[in-house]
Amino acid sequence: MKKIILTLVAALGLAAGSAMAAGGGIPLDKAPGKTNDLASLQNGAKVFVNYCLNCHSAAFMRFNRLKDIGLTDQQIKDNLLFTTDKVGETMKAAIDPKQAKAWFGANPPDLTVIARSRAGAGGSGADYLYTYLRTYYRDDTKPTGWNNLVFPNVGMPHALWELQGERRPVFEEHESHGHKTQVFKGWEQVKPGLMTPLQYDQTVGDLVNYMQWMAEPAQNTRKRVGVWVLIFLGLFTVIAWRLNAAFWKDVK
């Protein structure tokens, strides 16, 4: 019994350590979560295809599924088909896998369900992505020239840096129990981007909304059906209760 308890304690400690490492030690910001906002999803799809699909695939998502967010086949062909000429094809990365492995050390992961796989104790997968894409900063000691507060020593460069510009994290030194620690306080803009900070946050929010929708395109339908099922069960419970009272009212 003692060995089992010690094993459980060790497992919990490792899980907590992994969660801290995955979150980079900073709290995650809440993602917008507007998976039913068609305008946001359409803009997010455009950003995804223009900036993410260069290196990452979404091999379990077909372009024609974007009709579910209000796009027509012609709009998809005219604005989003860069890696294929068929609307029915899956979203494959433009980069050659061998080149990607040589440049980044590993082939960039598929992003179809990344918004679900990154969920943890600190927040949802969407929260992780929303914070991650907004916490890049210049770091000349890294091969890519970039680092990230949520994912320290990340191998991925900042794909959206032209939109956000360059920023520097500001830390404040605190002393606790005789040890000095660096506490993150905010950001200092080094070079402006094409967007204001508010516009960039909104664009990242749209991108994350799309990635959250892409991870489960039927989620809004599932939720709507679930609400109606619960309403039906509630009404049926009342009917069954009254029928039961009527059937047994003369039985003593």
# chains A, B, ... in the order shown; residues from 1 in each chain; ligands from 1
$ residues_around --residues "A:Met211" --least-positions-apart "3" --cutoff "9 Å" --atoms "only C-alpha atoms" --output "list in words"
Leu41, Gly44, Ala45, Phe48, Leu111, Thr112, Val113, Ile114, Ala115, Ala126, Asp206, Leu207, Val208, Met214, Ala215 and Glu216 of chain A
$ select_by_dssp --residues "stretch 31-238 of chain A" --states "strand (DSSP E or B)" --output "PDB file with C-alpha atoms, in the first residue's frame"
ATOM      1  CA  ALA A  58      -4.255  19.891 -41.430  1.00  0.00           C
ATOM      2  CA  ALA A  59      -4.465  16.474 -43.029  1.00  0.00           C
ATOM      3  CA  PHE A  60      -7.879  15.592 -41.573  1.00  0.00           C
ATOM      4  CA  MET A  61      -9.627  18.717 -42.858  1.00  0.00           C
ATOM      5  CA  ARG A  62     -10.816  19.146 -46.442  1.00  0.00           C
ATOM      6  CA  THR A  90      -7.131  17.866 -47.609  1.00  0.00           C
ATOM      7  CA  MET A  91      -5.074  20.770 -46.265  1.00  0.00           C
ATOM      8  CA  GLY A 120      -4.552  21.028 -19.747  1.00  0.00           C
ATOM      9  CA  GLY A 123      -6.852  26.086 -19.574  1.00  0.00           C
ATOM     10  CA  TYR A 136       6.811  35.494 -28.954  1.00  0.00           C
ATOM     11  CA  TYR A 137       9.840  37.712 -28.481  1.00  0.00           C
ATOM     12  CA  ARG A 138      13.218  38.284 -30.116  1.00  0.00           C
ATOM     13  CA  TRP A 146      12.780  33.868 -31.583  1.00  0.00           C
ATOM     14  CA  ASN A 147      11.667  32.509 -28.223  1.00  0.00           C
ATOM     15  CA  ASN A 148       8.335  32.118 -26.475  1.00  0.00           C
ATOM     16  CA  GLY A 165       6.208  43.542 -34.798  1.00  0.00           C
ATOM     17  CA  GLU A 166       9.002  42.845 -32.319  1.00  0.00           C
ATOM     18  CA  ARG A 167       8.520  42.968 -28.554  1.00  0.00           C
ATOM     19  CA  ARG A 168      10.644  42.475 -25.479  1.00  0.00           C
ATOM     20  CA  PRO A 169       9.340  40.894 -22.271  1.00  0.00           C
ATOM     21  CA  VAL A 170       9.773  42.981 -19.118  1.00  0.00           C
ATOM     22  CA  PHE A 171      10.617  41.089 -15.933  1.00  0.00           C
ATOM     23  CA  GLU A 172      10.748  42.238 -12.329  1.00  0.00           C
ATOM     24  CA  GLU A 173      13.115  40.660  -9.827  1.00  0.00           C
ATOM     25  CA  HIS A 174      11.489  39.283  -6.675  1.00  0.00           C
ATOM     26  CA  GLU A 175      13.108  37.620  -3.707  1.00  0.00           C
ATOM     27  CA  SER A 176      11.321  34.764  -1.992  1.00  0.00           C
ATOM     28  CA  HIS A 179      15.956  33.033  -3.792  1.00  0.00           C
ATOM     29  CA  LYS A 180      15.673  35.650  -6.527  1.00  0.00           C
ATOM     30  CA  THR A 181      13.110  35.011  -9.229  1.00  0.00           C
ATOM     31  CA  GLN A 182      12.120  36.832 -12.405  1.00  0.00           C
ATOM     32  CA  VAL A 183       8.417  37.697 -12.575  1.00  0.00           C
ATOM     33  CA  PHE A 184       6.904  38.644 -15.925  1.00  0.00           C
ATOM     34  CA  LYS A 185       5.342  42.126 -15.807  1.00  0.00           C
ATOM     35  CA  GLY A 186       4.484  43.013 -19.400  1.00  0.00           C
ATOM     36  CA  TRP A 187       5.785  43.863 -22.853  1.00  0.00           C
ATOM     37  CA  GLU A 188       7.843  46.618 -24.425  1.00  0.00           C
ATOM     38  CA  GLN A 189       7.337  47.233 -28.154  1.00  0.00           C
ATOM     39  CA  VAL A 190      10.702  47.301 -29.925  1.00  0.00           C
ATOM     40  CA  LYS A 191       9.491  47.582 -33.531  1.00  0.00           C
ATOM     41  CA  PRO A 192       5.900  48.209 -34.604  1.00  0.00           C
TER      42      PRO A 192
END
$ closest_residue --among "A:Trp161, A:Trp241, A:Tyr210, A:Phe236" --to "A:Ala31" --atoms "only C-alpha atoms"
A:Tyr210
$ residues_around --residues "A:Asp68" --least-positions-apart "3" --cutoff "10 Å" --atoms "only C-alpha atoms" --output "number ranges by chain"
A: 38, 64-65, 71-72, 217-218
$ write_last_selection --atoms "N, CA, C and O atoms" --output "CSV table (one decimal), in the first residue's frame"
chain,number,residue,atom,x,y,z
A,38,LEU,N,-19.3,33.4,-37.8
A,38,LEU,CA,-18.8,33.1,-39.2
A,38,LEU,C,-17.8,34.0,-39.7
A,38,LEU,O,-16.8,33.6,-40.4
A,64,ASN,N,-13.3,21.7,-48.8
A,64,ASN,CA,-14.7,21.9,-49.1
A,64,ASN,C,-15.5,21.9,-47.8
A,64,ASN,O,-16.7,22.3,-47.7
A,65,ARG,N,-14.9,21.5,-46.6
A,65,ARG,CA,-15.6,21.6,-45.3
A,65,ARG,C,-15.8,23.0,-44.9
A,65,ARG,O,-16.6,23.4,-44.0
A,71,LEU,N,-18.5,29.8,-46.6
A,71,LEU,CA,-17.8,30.1,-47.9
A,71,LEU,C,-18.3,29.2,-49.0
A,71,LEU,O,-18.7,28.0,-48.8
A,72,THR,N,-18.3,29.7,-50.2
A,72,THR,CA,-18.7,28.9,-51.4
A,72,THR,C,-17.5,28.2,-52.0
A,72,THR,O,-16.3,28.6,-51.7
A,217,PRO,N,-15.5,20.2,-36.3
A,217,PRO,CA,-16.5,21.1,-37.0
A,217,PRO,C,-17.9,20.9,-36.6
A,217,PRO,O,-18.7,21.8,-36.8
A,218,ALA,N,-18.3,19.7,-36.0
A,218,ALA,CA,-19.7,19.5,-35.6
A,218,ALA,C,-20.0,19.9,-34.2
A,218,ALA,O,-21.1,19.6,-33.7
$ select_by_dssp --residues "stretch 11-252 of chain A" --states "helix (DSSP H, G or I)" --output "ChimeraX atom specification"
/A:11-23,38-52,63-69,73-79,97-104,114-117,125-132,161-164,197-215,219-247
$ atom_distance --atom1 "atom CA of A:Leu160" --atom2 "atom CA of A:Thr83"
19.7 Å
$ closest_residue --among "A:Val225, A:Ala100, A:Leu129, A:Leu235" --to "A:Ser117" --atoms "only C-alpha atoms"
A:Leu129
$ closest_residue --among "A:Val47, A:Ala245, A:Ile76, A:Ala93" --to "A:Thr203" --atoms "only C-alpha atoms"
A:Val47
$ atom_distance --atom1 "atom CA of A:Ala94" --atom2 "atom CA of A:Leu66"
19.0 Å
$ atom_distance --atom1 "atom CA of A:Ser124" --atom2 "atom CA of A:Asp37"
18.8 Å
$ decode --residues "stretch 67-87 of chain A" --atoms "N, CA, C and O atoms" --output "short mmCIF file (atom, residue, chain, number, x, y, z; two decimals), in the first residue's frame"
data_model
loop_
_atom_site.label_atom_id
_atom_site.label_comp_id
_atom_site.auth_asym_id
_atom_site.auth_seq_id
_atom_site.Cartn_x
_atom_site.Cartn_y
_atom_site.Cartn_z
N LYS A 67 -17.23 25.20 -46.40
CA LYS A 67 -18.58 25.65 -46.75
C LYS A 67 -19.47 25.72 -45.51
O LYS A 67 -20.45 26.44 -45.49
N ASP A 68 -19.08 24.96 -44.48
CA ASP A 68 -19.85 24.98 -43.22
C ASP A 68 -19.74 26.32 -42.50
O ASP A 68 -20.54 26.61 -41.61
N ILE A 69 -18.72 27.12 -42.85
CA ILE A 69 -18.57 28.42 -42.20
C ILE A 69 -18.94 29.56 -43.16
O ILE A 69 -18.53 30.71 -42.97
N GLY A 70 -19.72 29.22 -44.17
CA GLY A 70 -20.31 30.25 -45.03
C GLY A 70 -19.57 30.56 -46.31
O GLY A 70 -19.95 31.49 -47.03
N LEU A 71 -18.52 29.81 -46.65
CA LEU A 71 -17.78 30.06 -47.89
C LEU A 71 -18.32 29.18 -49.01
O LEU A 71 -18.75 28.05 -48.78
N THR A 72 -18.28 29.70 -50.23
CA THR A 72 -18.69 28.92 -51.39
C THR A 72 -17.47 28.25 -52.01
O THR A 72 -16.33 28.60 -51.70
N ASP A 73 -17.73 27.27 -52.89
CA ASP A 73 -16.63 26.59 -53.58
C ASP A 73 -15.77 27.59 -54.35
O ASP A 73 -14.54 27.47 -54.37
N GLN A 74 -16.42 28.57 -54.98
CA GLN A 74 -15.68 29.55 -55.78
C GLN A 74 -14.81 30.43 -54.89
O GLN A 74 -13.67 30.74 -55.23
N GLN A 75 -15.34 30.84 -53.74
CA GLN A 75 -14.55 31.65 -52.80
C GLN A 75 -13.34 30.86 -52.29
O GLN A 75 -12.26 31.42 -52.13
N ILE A 76 -13.54 29.59 -52.02
CA ILE A 76 -12.44 28.75 -51.57
C ILE A 76 -11.38 28.63 -52.65
O ILE A 76 -10.18 28.76 -52.38
N LYS A 77 -11.81 28.41 -53.89
CA LYS A 77 -10.87 28.28 -55.00
C LYS A 77 -10.09 29.57 -55.23
O LYS A 77 -8.88 29.55 -55.47
N ASP A 78 -10.79 30.70 -55.17
CA ASP A 78 -10.17 31.98 -55.49
C ASP A 78 -9.23 32.48 -54.39
O ASP A 78 -8.24 33.18 -54.68
N ASN A 79 -9.51 32.14 -53.13
CA ASN A 79 -8.78 32.78 -52.03
C ASN A 79 -7.97 31.84 -51.14
O ASN A 79 -7.07 32.32 -50.44
N LEU A 80 -8.25 30.55 -51.16
CA LEU A 80 -7.63 29.68 -50.16
C LEU A 80 -6.87 28.48 -50.74
O LEU A 80 -6.17 27.80 -49.98
N LEU A 81 -6.99 28.21 -52.01
CA LEU A 81 -6.31 27.04 -52.60
C LEU A 81 -4.93 27.44 -53.11
O LEU A 81 -4.81 27.97 -54.21
N PHE A 82 -3.91 27.17 -52.30
CA PHE A 82 -2.54 27.47 -52.70
C PHE A 82 -1.71 26.20 -52.86
O PHE A 82 -0.70 26.20 -53.57
N THR A 83 -2.09 25.13 -52.21
CA THR A 83 -1.30 23.89 -52.25
C THR A 83 -1.95 22.83 -53.13
O THR A 83 -1.38 21.77 -53.32
N THR A 84 -3.13 23.09 -53.66
CA THR A 84 -3.83 22.15 -54.53
C THR A 84 -4.82 22.92 -55.38
O THR A 84 -5.07 24.10 -55.14
N ASP A 85 -5.38 22.26 -56.41
CA ASP A 85 -6.39 22.92 -57.24
C ASP A 85 -7.75 22.25 -57.11
O ASP A 85 -8.66 22.56 -57.86
N LYS A 86 -7.88 21.35 -56.14
CA LYS A 86 -9.13 20.63 -55.95
C LYS A 86 -9.73 20.98 -54.59
O LYS A 86 -9.06 20.84 -53.56
N VAL A 87 -10.99 21.39 -54.58
CA VAL A 87 -11.64 21.79 -53.34
C VAL A 87 -11.81 20.60 -52.39
O VAL A 87 -11.84 20.77 -51.17
#
